[in-house]
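Source file: work_27.cif; contents: mmCIF, C-alpha atoms and all ligand atoms.
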```
data_structure
#
loop_
_atom_site.group_PDB
_atom_site.id
_atom_site.type_symbol
_atom_site.label_atom_id
_atom_site.label_comp_id
_atom_site.auth_asym_id
_atom_site.auth_seq_id
_atom_site.Cartn_x
_atom_site.Cartn_y
_atom_site.Cartn_z
ATOM 1 C CA MET J 939 45.325 14.061 -6.869
ATOM 2 C CA SER J 940 45.811 12.472 -3.463
ATOM 3 C CA PRO J 941 43.063 13.079 -0.912
ATOM 4 C CA GLN J 942 43.927 15.665 1.706
ATOM 5 C CA VAL J 943 44.412 14.638 5.293
ATOM 6 C CA LEU J 944 41.459 16.111 7.109
ATOM 7 C CA ARG J 945 40.734 16.564 10.813
ATOM 8 C CA ASP J 946 38.880 13.866 12.717
ATOM 9 C CA PRO J 947 35.264 15.034 12.351
ATOM 10 C CA LEU J 948 33.102 15.745 15.382
ATOM 11 C CA ALA J 949 30.418 13.069 15.696
ATOM 12 C CA ASN J 950 27.162 12.870 17.565
ATOM 13 C CA TRP J 951 26.527 9.179 18.207
ATOM 14 C CA ASN J 952 23.051 8.609 19.648
ATOM 15 C CA GLY J 953 23.141 12.008 21.302
ATOM 16 C CA GLU J 954 26.727 11.860 22.582
ATOM 17 C CA LEU J 955 29.448 14.077 21.144
ATOM 18 C CA MET J 956 32.760 12.333 20.383
ATOM 19 C CA PRO J 957 35.449 12.185 17.700
ATOM 20 C CA LEU J 958 34.161 10.216 14.694
ATOM 21 C CA SER J 959 37.100 7.809 14.966
ATOM 22 C CA GLU J 960 35.844 6.729 18.402
ATOM 23 C CA VAL J 961 32.322 5.728 17.330
ATOM 24 C CA LYS J 962 31.818 1.960 17.605
ATOM 25 C CA VAL J 963 28.879 0.022 16.214
ATOM 26 C CA SER J 964 27.733 -3.585 16.516
ATOM 27 C CA VAL J 965 28.110 -5.948 13.558
ATOM 28 C CA LEU J 966 24.444 -6.812 14.187
ATOM 29 C CA ASP J 967 23.390 -3.304 13.276
ATOM 30 C CA ARG J 968 20.960 -3.724 10.387
ATOM 31 C CA ALA J 969 22.829 -1.119 8.343
ATOM 32 C CA PHE J 970 25.887 -3.402 8.443
ATOM 33 C CA LEU J 971 23.924 -6.575 7.653
ATOM 34 C CA PHE J 972 21.262 -5.308 5.240
ATOM 35 C CA GLY J 973 21.919 -1.667 4.433
ATOM 36 C CA ASP J 974 18.739 -1.022 6.431
ATOM 37 C CA ALA J 975 19.381 2.677 6.974
ATOM 38 C CA ILE J 976 18.895 6.047 5.384
ATOM 39 C CA TYR J 977 21.107 9.093 5.242
ATOM 40 C CA GLU J 978 21.393 12.760 4.409
ATOM 41 C CA VAL J 979 24.247 15.042 3.462
ATOM 42 C CA ILE J 980 23.925 18.770 4.087
ATOM 43 C CA ARG J 981 26.443 21.358 2.922
ATOM 44 C CA ILE J 982 27.767 23.878 5.434
ATOM 45 C CA TYR J 983 28.773 27.277 4.069
ATOM 46 C CA ASN J 984 30.329 29.822 6.410
ATOM 47 C CA GLY J 985 29.310 27.673 9.400
ATOM 48 C CA CYS J 986 25.628 27.545 8.342
ATOM 49 C CA PRO J 987 23.834 24.448 7.075
ATOM 50 C CA PHE J 988 22.408 25.129 3.599
ATOM 51 C CA LEU J 989 18.747 24.278 2.834
ATOM 52 C CA PHE J 990 18.553 22.660 6.253
ATOM 53 C CA GLU J 991 14.744 22.388 6.518
ATOM 54 C CA ASP J 992 14.489 20.746 3.098
ATOM 55 C CA HIS J 993 17.021 18.098 4.123
ATOM 56 C CA VAL J 994 15.299 17.421 7.458
ATOM 57 C CA SER J 995 11.927 17.100 5.670
ATOM 58 C CA ARG J 996 13.395 14.603 3.213
ATOM 59 C CA LEU J 997 14.920 12.681 6.125
ATOM 60 C CA GLY J 998 11.456 12.526 7.700
ATOM 61 C CA ARG J 999 9.858 11.312 4.457
ATOM 62 C CA ASN J 1000 12.532 8.624 4.097
ATOM 63 C CA LEU J 1001 12.072 7.439 7.686
ATOM 64 C CA GLU J 1002 8.374 7.077 6.929
ATOM 65 C CA LYS J 1003 8.976 5.289 3.624
ATOM 66 C CA ILE J 1004 10.916 2.533 5.378
ATOM 67 C CA SER J 1005 8.812 2.611 8.587
ATOM 68 C CA LEU J 1006 11.831 3.475 10.712
ATOM 69 C CA PRO J 1007 10.563 4.881 14.027
ATOM 70 C CA ALA J 1008 12.807 7.919 14.506
ATOM 71 C CA ASN J 1009 11.929 11.596 14.764
ATOM 72 C CA ALA J 1010 13.447 13.722 12.002
ATOM 73 C CA VAL J 1011 12.763 17.008 13.808
ATOM 74 C CA ALA J 1012 14.663 15.831 16.920
ATOM 75 C CA ILE J 1013 17.493 14.572 14.690
ATOM 76 C CA GLY J 1014 17.491 17.993 13.021
ATOM 77 C CA GLU J 1015 17.893 19.663 16.434
ATOM 78 C CA ARG J 1016 20.799 17.375 17.347
ATOM 79 C CA THR J 1017 22.296 18.118 13.942
ATOM 80 C CA ARG J 1018 22.189 21.860 14.614
ATOM 81 C CA GLU J 1019 23.753 21.293 18.069
ATOM 82 C CA THR J 1020 26.542 19.225 16.540
ATOM 83 C CA ILE J 1021 27.280 21.870 13.914
ATOM 84 C CA ALA J 1022 27.347 24.510 16.652
ATOM 85 C CA ALA J 1023 29.720 22.390 18.759
ATOM 86 C CA SER J 1024 32.116 21.985 15.830
ATOM 87 C CA ASP J 1025 34.240 24.772 14.418
ATOM 88 C CA VAL J 1026 33.659 23.730 10.823
ATOM 89 C CA VAL J 1027 33.268 26.702 8.500
ATOM 90 C CA GLU J 1028 33.212 25.061 5.045
ATOM 91 C CA GLY J 1029 31.985 21.528 5.403
ATOM 92 C CA ILE J 1030 29.295 18.920 5.307
ATOM 93 C CA VAL J 1031 27.146 17.266 7.901
ATOM 94 C CA TYR J 1032 26.391 13.587 7.368
ATOM 95 C CA ILE J 1033 23.358 12.024 9.042
ATOM 96 C CA GLN J 1034 22.633 8.293 9.086
ATOM 97 C CA VAL J 1035 19.786 6.553 10.875
ATOM 98 C CA THR J 1036 19.782 2.759 11.024
ATOM 99 C CA ARG J 1037 17.053 0.391 12.180
ATOM 100 C CA GLY J 1038 19.367 -0.572 15.037
ATOM 101 C CA VAL J 1039 20.792 -3.787 16.428
ATOM 102 C CA ALA J 1040 18.802 -7.036 16.456
ATOM 103 C CA PRO J 1041 19.270 -10.751 15.749
ATOM 104 C CA ARG J 1042 19.522 -11.180 11.966
ATOM 105 C CA THR J 1043 16.117 -11.608 10.320
ATOM 106 C CA HIS J 1044 15.042 -10.054 7.036
ATOM 107 C CA GLN J 1045 11.721 -8.708 8.314
ATOM 108 C CA TYR J 1046 11.794 -5.731 10.625
ATOM 109 C CA PRO J 1047 12.401 -6.917 14.226
ATOM 110 C CA VAL J 1048 9.533 -6.790 16.731
ATOM 111 C CA PRO J 1049 9.679 -5.020 19.079
ATOM 112 C CA ALA J 1050 11.505 -2.367 17.045
ATOM 113 C CA PRO J 1051 15.080 -1.889 18.310
ATOM 114 C CA GLN J 1052 16.374 1.545 19.247
ATOM 115 C CA PRO J 1053 17.534 3.168 15.985
ATOM 116 C CA ASN J 1054 21.209 4.051 15.794
ATOM 117 C CA GLU J 1055 21.814 7.661 14.898
ATOM 118 C CA LEU J 1056 25.079 9.029 13.569
ATOM 119 C CA ILE J 1057 25.674 12.673 12.806
ATOM 120 C CA TYR J 1058 29.084 14.010 11.947
ATOM 121 C CA VAL J 1059 30.402 17.352 10.825
ATOM 122 C CA ALA J 1060 33.426 17.344 8.561
ATOM 123 C CA ASP J 1061 35.530 19.860 6.679
ATOM 124 C CA PHE J 1062 34.830 19.867 2.970
ATOM 125 C CA GLU J 1063 36.569 21.513 0.064
ATOM 126 C CA ASP J 1064 34.837 21.931 -3.303
ATOM 127 C CA PRO J 1065 36.283 19.088 -5.418
ATOM 128 C CA TYR J 1066 35.287 20.920 -8.600
ATOM 129 C CA ALA J 1067 36.765 24.319 -7.706
ATOM 130 C CA ASN J 1068 39.167 24.071 -10.654
ATOM 131 C CA THR J 1069 36.897 22.326 -13.182
ATOM 132 C CA ARG J 1070 33.521 24.008 -12.668
ATOM 133 C CA LYS J 1071 34.332 26.849 -15.075
ATOM 134 C CA GLN J 1072 35.533 24.512 -17.860
ATOM 135 C CA GLY J 1073 32.946 21.786 -17.413
ATOM 136 C CA VAL J 1074 33.548 18.062 -16.950
ATOM 137 C CA SER J 1075 33.360 14.783 -18.872
ATOM 138 C CA VAL J 1076 30.998 11.970 -17.928
ATOM 139 C CA ILE J 1077 30.322 8.407 -18.998
ATOM 140 C CA VAL J 1078 26.960 6.684 -19.466
ATOM 141 C CA LEU J 1079 26.152 3.345 -17.803
ATOM 142 C CA ASN J 1080 23.079 1.151 -17.598
ATOM 143 C CA ASP J 1081 21.012 2.024 -14.553
ATOM 144 C CA MET J 1082 21.475 -1.229 -12.654
ATOM 145 C CA ARG J 1083 20.134 0.136 -9.362
ATOM 146 C CA TRP J 1084 16.976 -1.039 -7.615
ATOM 147 C CA LYS J 1085 13.552 0.421 -8.443
ATOM 148 C CA ARG J 1086 13.231 2.672 -5.380
ATOM 149 C CA CYS J 1087 15.943 5.226 -5.973
ATOM 150 C CA ASP J 1088 13.617 7.835 -4.426
ATOM 151 C CA ILE J 1089 14.641 6.381 -1.047
ATOM 152 C CA LYS J 1090 17.955 7.781 0.172
ATOM 153 C CA SER J 1091 19.155 4.422 1.384
ATOM 154 C CA VAL J 1092 22.771 3.600 2.252
ATOM 155 C CA ASN J 1093 22.629 0.696 -0.242
ATOM 156 C CA LEU J 1094 24.925 2.447 -2.670
ATOM 157 C CA LEU J 1095 26.969 -0.372 -4.181
ATOM 158 C CA ALA J 1096 25.637 0.234 -7.717
ATOM 159 C CA ASN J 1097 26.370 3.948 -7.290
ATOM 160 C CA CYS J 1098 29.881 3.146 -6.008
ATOM 161 C CA MET J 1099 30.522 0.846 -8.980
ATOM 162 C CA ALA J 1100 29.365 3.573 -11.376
ATOM 163 C CA ALA J 1101 31.463 6.249 -9.671
ATOM 164 C CA GLN J 1102 34.480 3.940 -9.799
ATOM 165 C CA ALA J 1103 33.956 3.293 -13.531
ATOM 166 C CA ALA J 1104 33.740 7.060 -14.104
ATOM 167 C CA SER J 1105 36.900 7.619 -12.119
ATOM 168 C CA GLU J 1106 38.760 4.925 -14.097
ATOM 169 C CA ALA J 1107 37.608 6.644 -17.311
ATOM 170 C CA ASP J 1108 38.977 9.952 -15.943
ATOM 171 C CA CYS J 1109 35.462 11.329 -15.772
ATOM 172 C CA ALA J 1110 33.756 13.318 -13.041
ATOM 173 C CA GLU J 1111 30.509 11.345 -12.956
ATOM 174 C CA ALA J 1112 28.557 8.467 -14.492
ATOM 175 C CA LEU J 1113 25.068 9.095 -15.875
ATOM 176 C CA PHE J 1114 22.555 6.265 -15.639
ATOM 177 C CA VAL J 1115 20.407 5.311 -18.632
ATOM 178 C CA ASP J 1116 17.293 3.169 -18.153
ATOM 179 C CA GLY J 1117 15.974 0.372 -20.382
ATOM 180 C CA ASN J 1118 14.024 2.905 -22.482
ATOM 181 C CA GLY J 1119 17.062 4.998 -23.292
ATOM 182 C CA ARG J 1120 16.112 7.720 -20.786
ATOM 183 C CA LEU J 1121 18.844 9.304 -18.702
ATOM 184 C CA THR J 1122 17.781 9.177 -15.065
ATOM 185 C CA GLU J 1123 20.478 10.865 -12.945
ATOM 186 C CA GLY J 1124 24.126 10.610 -11.975
ATOM 187 C CA SER J 1125 25.647 8.209 -9.434
ATOM 188 C CA ARG J 1126 25.509 11.025 -6.864
ATOM 189 C CA SER J 1127 23.846 13.942 -8.634
ATOM 190 C CA SER J 1128 20.710 15.058 -10.476
ATOM 191 C CA LEU J 1129 20.810 15.748 -14.216
ATOM 192 C CA PHE J 1130 19.517 18.728 -16.201
ATOM 193 C CA GLY J 1131 19.614 19.627 -19.894
ATOM 194 C CA VAL J 1132 18.805 22.708 -21.937
ATOM 195 C CA ARG J 1133 17.039 22.381 -25.293
ATOM 196 C CA ASN J 1134 16.210 25.519 -27.285
ATOM 197 C CA GLY J 1135 16.340 27.587 -24.103
ATOM 198 C CA THR J 1136 14.097 25.304 -22.031
ATOM 199 C CA ILE J 1137 15.556 23.552 -19.001
ATOM 200 C CA LEU J 1138 14.647 19.867 -18.796
ATOM 201 C CA THR J 1139 14.999 17.331 -16.018
ATOM 202 C CA ALA J 1140 13.474 13.915 -15.334
ATOM 203 C CA PRO J 1141 10.169 14.007 -13.411
ATOM 204 C CA LEU J 1142 10.162 12.857 -9.780
ATOM 205 C CA GLU J 1143 9.342 9.169 -9.927
ATOM 206 C CA GLU J 1144 10.632 6.200 -7.970
ATOM 207 C CA ASN J 1145 13.645 5.890 -10.283
ATOM 208 C CA ILE J 1146 15.441 9.040 -9.084
ATOM 209 C CA LEU J 1147 16.249 10.813 -5.853
ATOM 210 C CA PRO J 1148 14.230 13.980 -5.206
ATOM 211 C CA GLY J 1149 17.335 16.142 -4.997
ATOM 212 C CA ILE J 1150 17.295 19.145 -2.689
ATOM 213 C CA THR J 1151 19.582 21.014 -5.087
ATOM 214 C CA ARG J 1152 17.284 19.964 -7.957
ATOM 215 C CA LYS J 1153 14.430 21.700 -6.134
ATOM 216 C CA LEU J 1154 16.524 24.848 -5.579
ATOM 217 C CA LEU J 1155 17.630 24.790 -9.227
ATOM 218 C CA MET J 1156 13.996 24.776 -10.364
ATOM 219 C CA GLN J 1157 13.312 27.789 -8.136
ATOM 220 C CA LEU J 1158 16.362 29.616 -9.476
ATOM 221 C CA ALA J 1159 15.329 28.836 -13.066
ATOM 222 C CA LYS J 1160 11.977 30.488 -12.366
ATOM 223 C CA GLU J 1161 13.644 33.538 -10.820
ATOM 224 C CA CYS J 1162 15.965 33.803 -13.832
ATOM 225 C CA HIS J 1163 12.929 33.480 -16.175
ATOM 226 C CA PHE J 1164 14.211 30.317 -17.845
ATOM 227 C CA PRO J 1165 11.389 28.075 -19.083
ATOM 228 C CA MET J 1166 11.568 24.714 -17.326
ATOM 229 C CA ARG J 1167 9.882 21.361 -17.881
ATOM 230 C CA GLU J 1168 10.068 18.043 -16.038
ATOM 231 C CA GLU J 1169 10.866 15.884 -19.029
ATOM 232 C CA GLY J 1170 13.507 13.160 -19.126
ATOM 233 C CA LEU J 1171 16.425 13.375 -21.554
ATOM 234 C CA HIS J 1172 17.001 10.649 -24.125
ATOM 235 C CA LEU J 1173 20.472 9.310 -24.672
ATOM 236 C CA ASN J 1174 19.968 9.047 -28.434
ATOM 237 C CA LYS J 1175 18.711 12.635 -28.606
ATOM 238 C CA LEU J 1176 21.643 14.291 -26.888
ATOM 239 C CA SER J 1177 22.572 15.994 -30.170
ATOM 240 C CA GLU J 1178 19.455 18.199 -29.665
ATOM 241 C CA ILE J 1179 20.707 19.301 -26.251
ATOM 242 C CA ASP J 1180 22.633 22.584 -26.015
ATOM 243 C CA GLU J 1181 23.747 22.296 -22.386
ATOM 244 C CA LEU J 1182 23.911 19.618 -19.768
ATOM 245 C CA PHE J 1183 24.696 19.987 -16.087
ATOM 246 C CA LEU J 1184 24.584 18.156 -12.774
ATOM 247 C CA THR J 1185 23.325 19.353 -9.428
ATOM 248 C CA GLY J 1186 23.858 18.068 -5.909
ATOM 249 C CA THR J 1187 24.656 19.086 -2.359
ATOM 250 C CA THR J 1188 28.403 18.643 -2.809
ATOM 251 C CA THR J 1189 28.362 18.836 -6.624
ATOM 252 C CA GLU J 1190 26.513 22.212 -6.598
ATOM 253 C CA ILE J 1191 25.985 23.084 -10.285
ATOM 254 C CA LEU J 1192 28.478 21.325 -12.514
ATOM 255 C CA PRO J 1193 28.401 21.780 -16.304
ATOM 256 C CA ILE J 1194 29.038 18.733 -18.504
ATOM 257 C CA THR J 1195 30.828 19.328 -21.788
ATOM 258 C CA LEU J 1196 31.525 15.727 -22.914
ATOM 259 C CA VAL J 1197 29.349 12.604 -22.656
ATOM 260 C CA ASP J 1198 31.159 9.411 -23.640
ATOM 261 C CA GLN J 1199 33.687 11.659 -25.452
ATOM 262 C CA GLN J 1200 30.915 13.374 -27.486
ATOM 263 C CA LYS J 1201 30.543 17.130 -27.221
ATOM 264 C CA ILE J 1202 27.374 18.599 -25.774
ATOM 265 C CA GLY J 1203 26.390 21.705 -27.788
ATOM 266 C CA THR J 1204 29.560 23.637 -28.519
ATOM 267 C CA GLY J 1205 31.525 21.588 -26.004
ATOM 268 C CA THR J 1206 31.902 24.563 -23.685
ATOM 269 C CA VAL J 1207 30.046 25.758 -20.589
ATOM 270 C CA GLY J 1208 26.775 27.322 -21.750
ATOM 271 C CA PRO J 1209 25.047 30.567 -20.721
ATOM 272 C CA VAL J 1210 22.156 28.924 -18.836
ATOM 273 C CA ALA J 1211 24.411 26.872 -16.560
ATOM 274 C CA SER J 1212 26.638 29.914 -15.995
ATOM 275 C CA LYS J 1213 23.700 32.111 -15.053
ATOM 276 C CA LEU J 1214 22.282 29.461 -12.719
ATOM 277 C CA ASP J 1215 25.679 28.964 -11.110
ATOM 278 C CA GLU J 1216 25.796 32.695 -10.426
ATOM 279 C CA ALA J 1217 22.274 32.589 -8.963
ATOM 280 C CA TYR J 1218 23.234 29.567 -6.836
ATOM 281 C CA LYS J 1219 26.276 31.378 -5.426
ATOM 282 C CA LYS J 1220 24.140 34.435 -4.637
ATOM 283 C CA THR J 1221 21.685 32.228 -2.725
ATOM 284 C CA VAL J 1222 24.545 30.625 -0.796
ATOM 285 C CA ASN J 1223 26.010 34.018 0.083
ATOM 286 C CA HIS J 1224 22.643 35.390 1.065
ATOM 287 C CA LEU J 1225 21.708 32.457 3.309
ATOM 288 C CA ALA J 1226 25.177 31.986 4.773
ATOM 289 C CA ASN J 1227 25.357 35.654 5.783
ATOM 290 C CA SER J 1228 21.805 36.137 6.983
ATOM 291 C CA VAL J 1229 21.700 33.345 9.571
ATOM 292 C CA GLY J 1230 23.513 34.124 12.798
HETATM 293 N N1 LIG J 1301 20.893 11.655 -7.058
HETATM 294 C C1 LIG J 1301 21.663 10.827 -6.335
HETATM 295 C C2 LIG J 1301 21.696 9.380 -6.689
HETATM 296 C C3 LIG J 1301 22.429 11.324 -5.269
HETATM 297 O O1 LIG J 1301 23.181 10.481 -4.527
HETATM 298 C C4 LIG J 1301 22.418 12.706 -4.981
HETATM 299 C C5 LIG J 1301 23.252 13.252 -3.872
HETATM 300 N N2 LIG J 1301 22.656 12.997 -2.637
HETATM 301 C C6 LIG J 1301 21.602 13.532 -5.765
HETATM 302 C C7 LIG J 1301 20.847 12.978 -6.791
HETATM 303 C C8 LIG J 1301 21.499 15.003 -5.482
HETATM 304 O O2 LIG J 1301 20.692 15.230 -4.356
HETATM 305 P P1 LIG J 1301 20.889 16.474 -3.422
HETATM 306 O O3 LIG J 1301 20.735 17.691 -4.285
HETATM 307 O O4 LIG J 1301 19.802 16.363 -2.419
HETATM 308 O O5 LIG J 1301 22.249 16.379 -2.838
#
```

Encoded form (structure tokens):
Amino acid sequence: MSPQVLRDPLANWNGELMPLSEVKVSVLDRAFLFGDAIYEVIRIYNGCPFLFEDHVSRLGRNLEKISLPANAVAIGERTRETIAASDVVEGIVYIQVTRGVAPRTHQYPVPAPQPNELIYVADFEDPYANTRKQGVSVIVLNDMRWKRCDIKSVNLLANCMAAQAASEADCAEALFVDGNGRLTEGSRSSLFGVRNGTILTAPLEENILPGITRKLLMQLAKECHFPMREEGLHLNKLSEIDELFLTGTTTEILPITLVDQQKIGTGTVGPVASKLDEAYKKTVNHLANSVG
């Protein structure tokens, strides 16, 4: 499938609205030199940003984790203004904050440069619209990322390599497995399993991203009265797992039916994932229609 030609997104570059294609940045920006930057992606449904406060809070926590002096609440306000200035109905908003431009030194520059802030609002179409109901195939790869995957840093080369390998294998996603045989998460999604009716997902440690959709999923599981435990899944115990699914801002809830060509459960989309997908869609409809 060839990618669609989309409109030039509306950007907000350090507070100034302009077409994304017109944003220019110095090669001395620390994001370019070191990947010294963090980001967020928020889904827009019916013109409304979904789980906005959760994303802004995570942005704030990430800014703190890397001692980047920028104000997440103010960035959140500019994000809302940018969404309002765009006419995007179904889309995403991307936020990136870099440590700014300074002569190249590994340690953080003193005095701290002005952070560079990029926000853009783009059209987005569900890439899994046709596969969500049937489920997808994934591959498993060694988790070769760094040890602070809780930080939503733009250093995503390992994730890009994994996503590329999945794509070459005609798979929707790559799952990472750590040195102890535990599945951590996907290259761009969180991972859940169902064993004897209980939903399982890896606990929040420094080896995974605290997914916003993961948090919503846990809430929905409670509302649907599904037992849930934060317990990592083992690659060599996948035969005990009845259902497997991914979650993420753009992934939403995506059932997995094949892992490295092996069937999960019956090899079809299971009842727990289906029910949660329904609950997710209800939440989207509720939030997207209740905010003005
Ligand atoms: N893990 C990784 C590595 C990701 O890149 C993403 C997508 N940002 C997720 C999990 C899912 O997080 P969220 O639900 O906040 O989009």

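Nearest residue to ligand LIG 1301 (chain J) among J:Ser1125, J:Asn1000, J:Asn1174, J:Asn1145 is J:Ser1125, counting all atoms listed in the file.
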
Exactly which residues make up the result of the PyMOL selection byres (((chain J and resi 1114-1119) around 7) and not hetatm) on this file, given as a PDB file with C-alpha atoms, in the frame of the given file?
```
ATOM      1  CA  VAL J1078      26.960   6.684 -19.466  1.00  0.00           C
ATOM      2  CA  LEU J1079      26.152   3.345 -17.803  1.00  0.00           C
ATOM      3  CA  ASN J1080      23.079   1.151 -17.598  1.00  0.00           C
ATOM      4  CA  ASP J1081      21.012   2.024 -14.553  1.00  0.00           C
ATOM      5  CA  ALA J1112      28.557   8.467 -14.492  1.00  0.00           C
ATOM      6  CA  LEU J1113      25.068   9.095 -15.875  1.00  0.00           C
ATOM      7  CA  ARG J1120      16.112   7.720 -20.786  1.00  0.00           C
ATOM      8  CA  LEU J1121      18.844   9.304 -18.702  1.00  0.00           C
ATOM      9  CA  THR J1122      17.781   9.177 -15.065  1.00  0.00           C
ATOM     10  CA  GLU J1123      20.478  10.865 -12.945  1.00  0.00           C
ATOM     11  CA  GLY J1124      24.126  10.610 -11.975  1.00  0.00           C
ATOM     12  CA  HIS J1172      17.001  10.649 -24.125  1.00  0.00           C
ATOM     13  CA  LEU J1173      20.472   9.310 -24.672  1.00  0.00           C
TER      14      LEU J1173
END
```

Contacts of ligand LIG 1301 (chain J), 8 Å or closer, only C-alpha atoms and all ligand atoms, given as a CSV table (one decimal) with C-alpha atoms, in the coordinates of the input:
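Printed below is result.csv as written:
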```
chain,number,residue,atom,x,y,z
J,978,GLU,CA,21.4,12.8,4.4
J,979,VAL,CA,24.2,15.0,3.5
J,980,ILE,CA,23.9,18.8,4.1
J,993,HIS,CA,17.0,18.1,4.1
J,1087,CYS,CA,15.9,5.2,-6.0
J,1090,LYS,CA,18.0,7.8,0.2
J,1097,ASN,CA,26.4,3.9,-7.3
J,1123,GLU,CA,20.5,10.9,-12.9
J,1124,GLY,CA,24.1,10.6,-12.0
J,1125,SER,CA,25.6,8.2,-9.4
J,1126,ARG,CA,25.5,11.0,-6.9
J,1127,SER,CA,23.8,13.9,-8.6
J,1128,SER,CA,20.7,15.1,-10.5
J,1129,LEU,CA,20.8,15.7,-14.2
J,1146,ILE,CA,15.4,9.0,-9.1
J,1147,LEU,CA,16.2,10.8,-5.9
J,1148,PRO,CA,14.2,14.0,-5.2
J,1149,GLY,CA,17.3,16.1,-5.0
J,1150,ILE,CA,17.3,19.1,-2.7
J,1151,THR,CA,19.6,21.0,-5.1
J,1152,ARG,CA,17.3,20.0,-8.0
J,1153,LYS,CA,14.4,21.7,-6.1
J,1185,THR,CA,23.3,19.4,-9.4
J,1186,GLY,CA,23.9,18.1,-5.9
J,1187,THR,CA,24.7,19.1,-2.4
J,1188,THR,CA,28.4,18.6,-2.8
J,1189,THR,CA,28.4,18.8,-6.6
J,1190,GLU,CA,26.5,22.2,-6.6
```

Q.
Nearest residue to Glu1143 (chain J) out of J:Glu1169, J:Ser1177, J:Val1076, J:Arg1037, using all atoms listed in the file?
A. J:Glu1169

**Q.** Answer key for the PyMOL selection byres (((chain J and resi 1056) around 9) and not hetatm), residues as a ChimeraX atom specification
**A.** /J:949-953,961,1032-1036,1054-1055,1057-1058

Would you tabulate, counting all atoms listed in the file, all residues of region 1014-1122 of chain J that have an atom at most 9 Å from an atom of region 1206-1228 of chain J, showing the closest pair of atoms and their distance in Å to one decimal, sorted by chain then ascending number, as a tab-separated table?
```
residue	atom	partner	partner_atom	distance
J:Arg1070	CA	J:Val1207	CA	8.8
J:Lys1071	CA	J:Val1207	CA	7.1
J:Gln1072	CA	J:Val1207	CA	6.3
J:Gly1073	CA	J:Val1207	CA	5.9
```

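For the file at hand, the PyMOL selection byres (((chain J and resi 1010-1023) around 8) and not hetatm) resolves to J:Leu948, J:Ala949, J:Asn950, J:Gly953, J:Leu955, J:Gly985, J:Val994, J:Ser995, J:Leu997, J:Gly998, J:Leu1001, J:Ala1008, J:Asn1009, J:Ser1024, J:Asp1025, J:Val1026, J:Val1031, J:Ile1033, J:Ile1057, J:Tyr1058, J:Val1059.
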
Could you take the residues named above and write them with C-alpha atoms, as a PDB file, in the coordinates of the input?
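result_33.pdb was written with the following content:
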```
ATOM      1  CA  LEU J 948      33.102  15.745  15.382  1.00  0.00           C
ATOM      2  CA  ALA J 949      30.418  13.069  15.696  1.00  0.00           C
ATOM      3  CA  ASN J 950      27.162  12.870  17.565  1.00  0.00           C
ATOM      4  CA  GLY J 953      23.141  12.008  21.302  1.00  0.00           C
ATOM      5  CA  LEU J 955      29.448  14.077  21.144  1.00  0.00           C
ATOM      6  CA  GLY J 985      29.310  27.673   9.400  1.00  0.00           C
ATOM      7  CA  VAL J 994      15.299  17.421   7.458  1.00  0.00           C
ATOM      8  CA  SER J 995      11.927  17.100   5.670  1.00  0.00           C
ATOM      9  CA  LEU J 997      14.920  12.681   6.125  1.00  0.00           C
ATOM     10  CA  GLY J 998      11.456  12.526   7.700  1.00  0.00           C
ATOM     11  CA  LEU J1001      12.072   7.439   7.686  1.00  0.00           C
ATOM     12  CA  ALA J1008      12.807   7.919  14.506  1.00  0.00           C
ATOM     13  CA  ASN J1009      11.929  11.596  14.764  1.00  0.00           C
ATOM     14  CA  SER J1024      32.116  21.985  15.830  1.00  0.00           C
ATOM     15  CA  ASP J1025      34.240  24.772  14.418  1.00  0.00           C
ATOM     16  CA  VAL J1026      33.659  23.730  10.823  1.00  0.00           C
ATOM     17  CA  VAL J1031      27.146  17.266   7.901  1.00  0.00           C
ATOM     18  CA  ILE J1033      23.358  12.024   9.042  1.00  0.00           C
ATOM     19  CA  ILE J1057      25.674  12.673  12.806  1.00  0.00           C
ATOM     20  CA  TYR J1058      29.084  14.010  11.947  1.00  0.00           C
ATOM     21  CA  VAL J1059      30.402  17.352  10.825  1.00  0.00           C
TER      22      VAL J1059
END
```

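The space between CA of Gly1029 (chain J) and CA of Leu1154 (chain J) spans 19.3 Å.
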
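Between Lys1175 (chain J) and the residues J:Lys1160, J:Lys962, J:Arg1133, J:His1044, the shortest atom-to-atom distance, using all atoms listed in the file, involves J:Arg1133.
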
Q: Tell me which protein, DNA and RNA residues are within 6 Å of Ser1075 (chain J), counting only C-alpha atoms, leaving out same-chain ones fewer than 2 positions away, and put them as a count of residues only.
A: 5

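With all atoms listed in the file as the atoms that count, the minimum distance from Leu1158 (chain J) to the choices J:Leu1094, J:Val965, J:Ile1191, J:Arg945 is reached by J:Ile1191.
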
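CA of Ser1005 (chain J) is positioned 12.5 Å from CA of Val1048 (chain J).
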
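With CA of Glu1161 (chain J) on one side and CA of Glu1063 (chain J) on the other, the separation reads 28.1 Å.
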
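Proximity ranking of J:Pro1007, J:Pro947, J:Gly1135, J:Pro1193 relative to Ala1060 (chain J) places J:Pro947 first, based on all atoms listed in the file.
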
**Q.** Nearest residue to Thr1043 (chain J) from the set J:Leu971, J:Leu1138, J:Asp1198, J:Glu1168 (distances using only C-alpha atoms)
**A.** J:Leu971

Q: Can you pull out every residue within 9 Å of Asp974 (chain J), counting all atoms listed in the file, but drop anything in the same chain fewer than 5 positions away, and send it as a PyMOL selection string?
A: chain J and resi 967-969+1004+1035-1038+1091-1093
